[in-house]
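Notes for the one structure printed next.
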Amino acid sequence: MLELIAPTARLHIAWLAARDDWGRGVHQDGSGLRPDDDVDSPAGFATWVRGLREQADESRPAPEGRVHALYWWIVDGDEVLGAMSLRLRLNDFLRRAGGHIGYGVRPSARRRGVATFALGGALTEAGRRGLDPVLVTCDVDNVASARTIERHGGKLEDMRDTELGRVRRYWIRTASVG
Ligand SMILES: CC(C)(COP(=O)(O)OP(=O)(O)OC[C@H]1O[C@@H](n2cnc3c(N)ncnc32)[C@H](O)[C@@H]1OP(=O)(O)O)[C@@H](O)C(=O)NCCC(=O)NCCS
């Protein structure tokens, strides 16, 4: 059964299997993973997971250049299939290019509805938190992501050249979600 769960150090081995499916050093959309994060050692992984969870805590300052955000892993049982993030507000970069929501599905789990399921969960949580509408963006050539967004009612505002390349910018209403 597909679920969105909070990142947990318990799933270290399963998470590494998913990371290896993407490939070491490959950017995993929505995961919060940065190139210098130590995720291979148990202690490094636990620290990284704690950092992800803390980014939702608005009583702490957000990391430099970032906004507060929620992270989830998309799992099926103990198998990690992907990641989803919900930024709790927009800064100039996010309004222009990055949007509120990021997601990625490991290559071997694609094309079976995983992203569609997970975006639904993130939109429900966004609505609960009063984020309405939310901005979701994708590369102009990313047909899979554009379809995922459109399936959830995304309305295209524009396509723009940004520091992430040329992106489609969609707004999704959350009030009626969930
Ligand atoms: C984009 C991504 C998250 C889609 O994940 P997924 O779990 O395969 O998506 P789903 O199975 O829920 O499919 C969603 C829609 O996209 C379509 N789709 C999926 N992969 C596709 C592909 N390669 N080409 C064309 N359409 C595709 C599906 O048919 C479905 O549309 P439909 O409901 O109209 O049939 C995944 O491909 C991925 O992680 N890509 C790399 C990272 C990325 O691009 N993240 C998004 C950044 S904005």
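As shown in the structure tokens, the chain order sets the letters A, B, ...; within each chain, residues go from 1, and ligands are also counted from 1 in the order they appear.
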
- Task: Give the residues close to ligand 1, within 10 Å, counting only C-alpha atoms and all ligand atoms; write them as a count of residues only.
- Result: 50

- Per DSSP on the backbone, filter chain A down to the residues in helix (DSSP H, G or I) and report them as an NGL selection string. :A and (9-22 or 42-54 or 92-98 or 107-109 or 114-128 or 143-151)

- Message: For a quick check of understanding, using only C-alpha atoms, which of A:Asp20, A:Asp36, A:Glu125, A:Asp161 has the smallest distance to Leu86 of chain A?
- Response: A:Glu125

- For atom CA of Phe45 of chain A and atom CA of Glu58 of chain A, quote the distance in Å rounded to one decimal. 22.5 Å

- Item | Who sits within 8 Å of Ile172 of chain A, only C-alpha atoms, same chain under 2 positions skipped, as number ranges by chain | A: 132-136, 152-155, 170, 174

Output the selection as a compact mmCIF listing (two decimals), in the first residue's frame - N, CA and C atoms for each residue.
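Below is the file that was written, again.txt:
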# COMPACT_ATOMS: atom_id res chain seq x y z
N ASP A 132 -3.29 27.96 -0.24
CA ASP A 132 -4.26 27.84 -1.32
C ASP A 132 -4.30 29.13 -2.13
N PRO A 133 -3.92 29.10 -3.40
CA PRO A 133 -3.49 27.94 -4.16
C PRO A 133 -1.99 27.69 -3.94
N VAL A 134 -1.52 26.55 -4.43
CA VAL A 134 -0.09 26.27 -4.38
C VAL A 134 0.48 26.31 -5.80
N LEU A 135 1.74 26.70 -5.84
CA LEU A 135 2.46 26.80 -7.12
C LEU A 135 3.27 25.52 -7.33
N VAL A 136 3.08 24.88 -8.47
CA VAL A 136 3.86 23.69 -8.80
C VAL A 136 4.46 23.91 -10.18
N HIS A 152 -4.15 16.85 -11.25
CA HIS A 152 -4.62 17.41 -9.99
C HIS A 152 -5.18 18.82 -10.17
N GLY A 153 -5.54 19.15 -11.39
CA GLY A 153 -6.25 20.41 -11.63
C GLY A 153 -5.34 21.61 -11.80
N GLY A 154 -4.05 21.41 -12.04
CA GLY A 154 -3.14 22.54 -12.21
C GLY A 154 -3.55 23.43 -13.36
N LYS A 155 -3.56 24.73 -13.10
CA LYS A 155 -3.89 25.73 -14.15
C LYS A 155 -2.59 26.44 -14.53
N TYR A 170 2.36 26.22 -12.73
CA TYR A 170 0.94 25.90 -12.53
C TYR A 170 0.50 26.28 -11.11
N THR A 174 -6.31 24.14 -3.45
CA THR A 174 -6.29 23.03 -2.48
C THR A 174 -7.54 23.00 -1.62

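Of note, atom CA of Thr47 of chain A and atom CA of Val67 of chain A are spaced 19.0 Å apart.
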
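Across A:His68, A:Arg173, A:Arg34, A:Arg24, the tightest approach to Leu90 of chain A is made by A:His68 when counting only C-alpha atoms.
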
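Using only C-alpha atoms for every distance, the candidate list A:Ala175, A:Met1, A:Val80, A:Ala69 yields A:Val80 as the residue closest to Ala14 of chain A.
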
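You will find atom CA of Ala56 of chain A at 29.2 Å from atom CA of Asp158 of chain A.
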
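These are the residues of segment 14-116 of chain A assigned strand (DSSP E or B) by DSSP from backbone coordinates: Ala69, Leu70, Tyr71, Trp72, Trp73, Ile74, Val75, Asp76, Glu79, Val80, Leu81, Gly82, Ala83, Met84, Ser85, Leu86, Arg87, Ile101, Gly102, Tyr103, Gly104 and Val105 of chain A.
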
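If you measure from each of A:Arg10, A:Arg160, A:Arg129, A:Arg89 to Val49 of chain A using only C-alpha atoms, the closest one turns out to be A:Arg10.
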